[in-house]
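> Supplied in structure tokens, the structure appears directly below.
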Amino acid sequence: MRLVILKDYAEVAEWGARYIKKRIHDFNPGPGRLFVLGLPTGSTPVGVYKKLVEFVKAKELSFKYVVTFNMDEYIGLPQNHPESYHSFMWNLLFKHIDIDPNNVHILNGNAPDLNLECVQYEQAIRDAGGVELFVGGIGPDGHIAFNEPGSSLASRTRVKTLAQDTIAANARFFNNDINQVPKSALTVGVGTVMDAREVMILISGQSKAHALYMAIESGVNHMCTVSAFQNHQRFLCVCDDDATMELKVKTVRYFKGLMTVHNQLIEETGHPSLLHTEN
Amino acid sequence: MTLFRFCNCTLIRNHALVVDDLWIRHGKIIDPEKVFFDERIQADVEYDCRGVLVAPGYIDLQINGAFGHDFSSPDEASEEMLLLVAQKLTAHGVTAFVPTVVSSKPETYKAVLPKYKRRAGSAKDGATILGTHIEGPFIDEKKRGAHRTDFLRKAPNGIEDLLSCYGSFNDVSIITIAPEIPNMIETVIPELVQKYNIVVSVGHSIASLDIGERAVCAGARFITHLFNAMLPFHHRDPGLVGLLTSHRLPTTSIVHYGLIADGIHTHSAAVRLAHRVHPQGLVLVTDAVPALGLPDGTYHMGAEKILVENKRATIAGTQTLCGSIASLAECVQNMRQALLDGEISKHGEVKIDKQFIVECIDAATLHPASVLHIENQKGTLSFGADADFIFLDDKLNVLSTFIAGEQAWTVNDNWSINNLRTKNSSQ
């Protein structure tokens, strides 16, 4: 694992966006060779998307040859509902960038056959050549996407019922009315994300400190599904000081010491071979 | 069908200024999110609007003529004349209007009204015709303003008298009457509203507030040029002006009122008063006379001669005002200035000005559309509405006018659609 420790949320968002930009540039996508990117929703990616939009508007980055797969979507929420993940992605990213709508994949929470929708999503990822970089966040209970505590670490895209914690955390997006929050969702599995060639998790704030501790300093445990990435060859974890509050000083000092190396990962001049070191 | 994307606009949306794109197809404003996820296509043609202020096109509910043409003149009335005015009004940012006919003889109504049919607007044909506004002749003599006494009438036989006077109610959108005239409240107003779906407006009247309230309860929903041609506000009998704060009106709909903000017909303090008291009801109208758009001189309106001098139009030989020659765009500017002038504290000036800009534009777009119950198609930039919109600079001068998504008028080449295009991949 690489643990990139930055000062605050603003730095995390910027670093994350610059990493995505650099990875796309190094990949050098073109007409027959598209860059497949996995994307999250929630509050953590908001700053990242804002930065990516800035890059596109400044003509420093193009999504013309990028394919995206989002992690999840609520079941039963109309596509144009302001809190659907379709709306979130449209308003925060897609409407501002030059991506081809045919290259955008988001699970359809209103599909007539939800299980078929999940099977087809997995197939679409395979057809695209697999995910090059899957970006994600972490829930306060250490979950990735909607893989709630107790989710199989080998799981694939499927229907999941949301945990009480998750519903409570999401209530703030539904007028603080817990009854309006959807109770189930379609989500990529832990196994699905593990299949990606690289996984980048963004973690900010003290409320996530315990989850980060469980994810990287504790064992691999299906009660904290992000911990599964301890078994991934290229797991990149980007966090801020507040999120490290529950880690050992030893851990934090070690990774902070690697920051000169880590920062080369986002420099335009940073050599792509760096990706294969220090993991 | 070609999909157009106007990028980089400062839109008036949901009573606020929002930087966003405007997507148009088939002459309508559409939801780009739906197009993205359901149709999976990108825009065929893209324009860069450089951050310009984009408002819905202006709607004028009371205009007696313009550019030398008089809607009340049987000699001039024709489809070609109406078309000409509709085309020229686009220079004022007007994309829809209601040609108004003043108190006239029955023969005149029968000659002119059939020539003014409802018609959709276009870049070629100019502004949309939203039906006619018949102002009179069932009005009070004491408040006739510039209307001729010998043309005024009563309605002893109720609605039959209106029908025989006008000939027909086809394509009539608004009728102004004085509600105190016998039979108006009892039978005429309810029938006009329920049977003929016509908007009834009260005006040119000496009605007390009580009569005004009963007229609204009977179905009237508009007040013709508030303050003008009615009793002045009195603290023991507020008259029709009191309708703005009446507590005895049905709560199901609001009463709108026309206001002529030409800087002459209504003092800026009166504009502020009405706005503070009942902002959602404020509808800017020009009540323009045929001289609108023409230089100083003498012109005709109805059977009268009017004199235009120094931005004032009066009946030749008198001091009686007879309508304004300020364009609707100028009225919007005047209203904004009136609101700004009323702000004593300069703290938060920019923010409050933004709010005023939205309110003044609403008064010339959303509110008039609401009067005619067409606020889902006209007077708004919401998804599904007709793509009638205008570009404005920060002083609210009109830079360009679009009808059904096509450019109908532009102030100069800078704003010509060809110079804004950044992408064109349509066949």
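Ligands are numbered from 1 in the order shown, chains are lettered A, B, ... in the order of the structure tokens, and residues start at 1 in each chain.
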I need the residues in stretch 82-299 of chain B that are alpha helix (DSSP H) according to DSSP; give them as JSON, numbers by chain.
{"B": [82, 83, 84, 85, 86, 87, 88, 106, 107, 108, 109, 110, 111, 112, 159, 160, 161, 162, 163, 164, 165, 166, 189, 190, 191, 192, 193, 194, 209, 210, 211, 212, 213, 214, 215, 216, 217, 218, 268, 269, 270, 271, 272, 273, 274, 275, 276, 277]}
> Next, write the just-selected residues to a file, as a CSV table (one decimal), in the first residue's frame, keeping N, CA and C atoms as the atom set.

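Below is the file again.csv, written as the result:
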```csv
chain,number,residue,atom,x,y,z
B,82,LEU,N,-49.7,43.8,-38.7
B,82,LEU,CA,-49.4,43.1,-37.4
B,82,LEU,C,-48.1,42.4,-37.5
B,83,LEU,N,-47.9,41.8,-38.6
B,83,LEU,CA,-46.6,41.1,-38.8
B,83,LEU,C,-45.4,42.0,-38.8
B,84,LEU,N,-45.6,43.2,-39.4
B,84,LEU,CA,-44.5,44.2,-39.4
B,84,LEU,C,-44.2,44.6,-38.0
B,85,VAL,N,-45.2,44.9,-37.2
B,85,VAL,CA,-45.0,45.3,-35.8
B,85,VAL,C,-44.3,44.2,-35.0
B,86,ALA,N,-44.8,42.9,-35.2
B,86,ALA,CA,-44.3,41.8,-34.5
B,86,ALA,C,-42.8,41.6,-34.8
B,87,GLN,N,-42.4,41.9,-36.0
B,87,GLN,CA,-41.0,41.7,-36.4
B,87,GLN,C,-40.2,42.8,-35.8
B,88,LYS,N,-40.7,44.1,-35.8
B,88,LYS,CA,-39.9,45.2,-35.3
B,88,LYS,C,-39.8,45.2,-33.8
B,106,PRO,N,-68.6,49.9,-32.7
B,106,PRO,CA,-68.7,48.5,-33.1
B,106,PRO,C,-68.2,48.2,-34.5
B,107,GLU,N,-68.4,49.1,-35.4
B,107,GLU,CA,-67.9,48.8,-36.8
B,107,GLU,C,-66.4,48.6,-36.8
B,108,THR,N,-65.7,49.4,-36.0
B,108,THR,CA,-64.2,49.3,-35.9
B,108,THR,C,-63.8,48.0,-35.4
B,109,TYR,N,-64.4,47.6,-34.2
B,109,TYR,CA,-64.1,46.3,-33.7
B,109,TYR,C,-64.2,45.2,-34.7
B,110,LYS,N,-65.4,45.2,-35.4
B,110,LYS,CA,-65.6,44.1,-36.4
B,110,LYS,C,-64.6,44.2,-37.6
B,111,ALA,N,-64.1,45.4,-37.8
B,111,ALA,CA,-63.1,45.5,-38.9
B,111,ALA,C,-61.7,45.0,-38.5
B,112,VAL,N,-61.3,45.4,-37.2
B,112,VAL,CA,-59.9,45.1,-36.8
B,112,VAL,C,-59.7,43.8,-36.1
B,159,ILE,N,-73.7,40.2,-21.2
B,159,ILE,CA,-72.7,39.8,-22.2
B,159,ILE,C,-73.1,39.9,-23.6
B,160,GLU,N,-74.4,39.9,-23.9
B,160,GLU,CA,-74.9,40.1,-25.2
B,160,GLU,C,-74.4,41.4,-25.8
B,161,ASP,N,-74.4,42.4,-25.0
B,161,ASP,CA,-73.9,43.7,-25.4
B,161,ASP,C,-72.5,43.7,-25.8
B,162,LEU,N,-71.7,42.9,-25.1
B,162,LEU,CA,-70.2,42.9,-25.4
B,162,LEU,C,-70.1,42.2,-26.8
B,163,LEU,N,-70.8,41.1,-26.9
B,163,LEU,CA,-70.7,40.3,-28.1
B,163,LEU,C,-71.1,41.1,-29.3
B,164,SER,N,-72.2,41.8,-29.2
B,164,SER,CA,-72.7,42.5,-30.4
B,164,SER,C,-71.8,43.7,-30.6
B,165,CYS,N,-71.2,44.2,-29.6
B,165,CYS,CA,-70.2,45.4,-29.8
B,165,CYS,C,-69.0,44.9,-30.5
B,166,TYR,N,-68.4,43.8,-30.0
B,166,TYR,CA,-67.1,43.3,-30.6
B,166,TYR,C,-67.3,42.5,-31.8
B,189,ILE,N,-68.7,39.4,-16.0
B,189,ILE,CA,-67.3,38.8,-15.6
B,189,ILE,C,-67.4,37.3,-15.4
B,190,PRO,N,-68.3,36.7,-14.7
B,190,PRO,CA,-68.3,35.3,-14.5
B,190,PRO,C,-68.4,34.6,-15.9
B,191,GLU,N,-69.2,35.1,-16.8
B,191,GLU,CA,-69.4,34.4,-18.1
B,191,GLU,C,-68.1,34.6,-18.9
B,192,LEU,N,-67.5,35.7,-19.0
B,192,LEU,CA,-66.3,35.9,-19.7
B,192,LEU,C,-65.2,34.9,-19.3
B,193,VAL,N,-65.1,34.8,-17.9
B,193,VAL,CA,-64.1,33.9,-17.4
B,193,VAL,C,-64.4,32.5,-17.6
B,194,GLN,N,-65.6,32.1,-17.2
B,194,GLN,CA,-65.9,30.6,-17.2
B,194,GLN,C,-66.3,30.1,-18.5
B,209,LEU,N,-63.0,49.9,-3.3
B,209,LEU,CA,-62.3,48.7,-3.0
B,209,LEU,C,-63.3,47.5,-2.9
B,210,ASP,N,-64.5,47.8,-2.3
B,210,ASP,CA,-65.5,46.8,-2.1
B,210,ASP,C,-65.9,46.2,-3.5
B,211,ILE,N,-66.2,47.2,-4.4
B,211,ILE,CA,-66.6,46.7,-5.8
B,211,ILE,C,-65.5,46.0,-6.4
B,212,GLY,N,-64.2,46.5,-6.3
B,212,GLY,CA,-63.1,45.8,-6.8
B,212,GLY,C,-63.0,44.3,-6.3
B,213,GLU,N,-63.2,44.2,-5.0
B,213,GLU,CA,-63.1,42.8,-4.4
B,213,GLU,C,-64.1,41.9,-5.0
B,214,ARG,N,-65.3,42.5,-5.1
B,214,ARG,CA,-66.4,41.6,-5.7
B,214,ARG,C,-66.1,41.3,-7.1
B,215,ALA,N,-65.5,42.2,-7.8
B,215,ALA,CA,-65.1,41.8,-9.2
B,215,ALA,C,-64.1,40.7,-9.3
B,216,VAL,N,-63.1,40.7,-8.3
B,216,VAL,CA,-62.1,39.7,-8.3
B,216,VAL,C,-62.8,38.4,-7.9
B,217,CYS,N,-63.7,38.4,-6.9
B,217,CYS,CA,-64.4,37.2,-6.5
B,217,CYS,C,-65.2,36.7,-7.7
B,218,ALA,N,-65.7,37.6,-8.5
B,218,ALA,CA,-66.5,37.1,-9.7
B,218,ALA,C,-65.6,36.6,-10.8
B,268,SER,N,-41.5,57.0,-9.5
B,268,SER,CA,-40.7,55.9,-9.0
B,268,SER,C,-41.1,55.5,-7.6
B,269,ALA,N,-41.5,56.5,-6.8
B,269,ALA,CA,-41.9,56.1,-5.4
B,269,ALA,C,-43.2,55.2,-5.5
B,270,ALA,N,-44.1,55.5,-6.5
B,270,ALA,CA,-45.2,54.6,-6.6
B,270,ALA,C,-44.9,53.2,-7.1
B,271,VAL,N,-43.9,53.2,-8.0
B,271,VAL,CA,-43.4,51.9,-8.4
B,271,VAL,C,-42.9,51.1,-7.2
B,272,ARG,N,-42.1,51.7,-6.4
B,272,ARG,CA,-41.5,51.0,-5.2
B,272,ARG,C,-42.6,50.6,-4.2
B,273,LEU,N,-43.6,51.5,-4.1
B,273,LEU,CA,-44.7,51.2,-3.2
B,273,LEU,C,-45.4,49.9,-3.6
B,274,ALA,N,-45.8,49.9,-4.8
B,274,ALA,CA,-46.5,48.7,-5.4
B,274,ALA,C,-45.6,47.5,-5.3
B,275,HIS,N,-44.3,47.6,-5.6
B,275,HIS,CA,-43.4,46.5,-5.6
B,275,HIS,C,-43.2,45.9,-4.2
B,276,ARG,N,-43.1,46.8,-3.2
B,276,ARG,CA,-42.9,46.4,-1.8
B,276,ARG,C,-44.1,45.6,-1.3
B,277,VAL,N,-45.3,46.1,-1.7
B,277,VAL,CA,-46.5,45.6,-1.1
B,277,VAL,C,-46.9,44.3,-1.8
```
> Quick one: everything within 9 Å of stretch 142-159 of chain A, counting only C-alpha atoms, minus sequence neighbours fewer than 6 positions away in the same chain. Send it as a PyMOL selection string.
chain A and resi 40-41+71-72+75+114-115+117-119+121-122+136+166+184-194+201+208+210-212+214-215+221-228
> Counting only C-alpha atoms, which residues from chain A have an atom at most 10 Å from any atom of chain B, and could you show them as an MDAnalysis selection string?
chainID A and resid 79:80 86:87 90:91 94:96 98:106
> When you look at stretch 357-364 of chain B with a cut-off of 7 Å (counting only C-alpha atoms), what residues show up, excluding the ones that are within fewer than 4 positions of it in the same chain? I need them as an MDAnalysis selection string.
chainID B and resid 12 15:16 58:59 282:284 332 335:336 353 368
> Pick out the closest residue to A:Gly139 from this set: A:Leu258, A:Ala168, A:Leu92, A:Leu247. Count only C-alpha atoms.
A:Ala168
> State, in Å with one decimal place, the distance from atom CA of B:Phe389 to atom CA of B:Gly293.
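Rounded to one decimal, the two atoms are 21.0 Å apart.
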> To one decimal in Å, tell me the separation between atom CA of B:Ile403 and atom CA of B:Ala387.
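Between these atoms lies a distance of 6.1 Å.
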> Applying 12 Å and only C-alpha atoms, which residues near B:Gly126 remain after dropping the ones on its own chain fewer than 3 positions away? List them as a PyMOL selection string.
chain B and resi 57+80+82-97+119-123+129+388+401-404+406-409
> Contacts of B:Lys142 at 12 Å or less, counting only C-alpha atoms, minus same-chain residues fewer than 4 places along, as a count of residues only?
14
> Grab the atom CA of A:Ser207 to atom CA of A:Gln264 distance for me, in Å with one decimal place.
29.0 Å
> Find the spatial neighbours of stretch 11-21 of chain A, counting only C-alpha atoms, within a cut-off of 9 Å - ignore same-chain residues fewer than 6 positions away - and output them as a list of chain:residue names.
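Returned residues: A:Val4, A:Ile5, A:Leu37, A:Thr44, A:Pro45, A:Val46, A:Gly47, A:Val48, A:Tyr49, A:Lys50, A:Lys51, A:Leu52, A:Phe55, A:Glu60, A:Leu61, A:Ser62, A:Leu133, A:Val135, A:Met200, A:Leu202, A:Ile203, A:Ser204, A:Val238, A:Cys239, A:Asp240, A:Asn263, A:Leu265, A:Ile266, A:Glu267.
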> So that I can check the surroundings of A:Glu83, please list as a list in words every protein, DNA and RNA residue that reaches within 10 Å of it, counting only C-alpha atoms and ignoring chain neighbours fewer than 4 positions away.
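Using only C-alpha atoms, the neighbours found are Tyr74, Leu77, Pro78, Gln79, Ser87, Phe88, Asn170, Phe173, Phe174 and Val181 of chain A.
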> Quick one: DSSP strand (DSSP E) residues in stretch 135-369 of chain B, as a count of residues only?
35
> Could you tell me which of B:Ser173, B:Thr410, B:Asn397, B:Asn197 comes closest to B:Ala369 if we count only C-alpha atoms?
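Result for the nearest residue to B:Ala369: B:Ser173.
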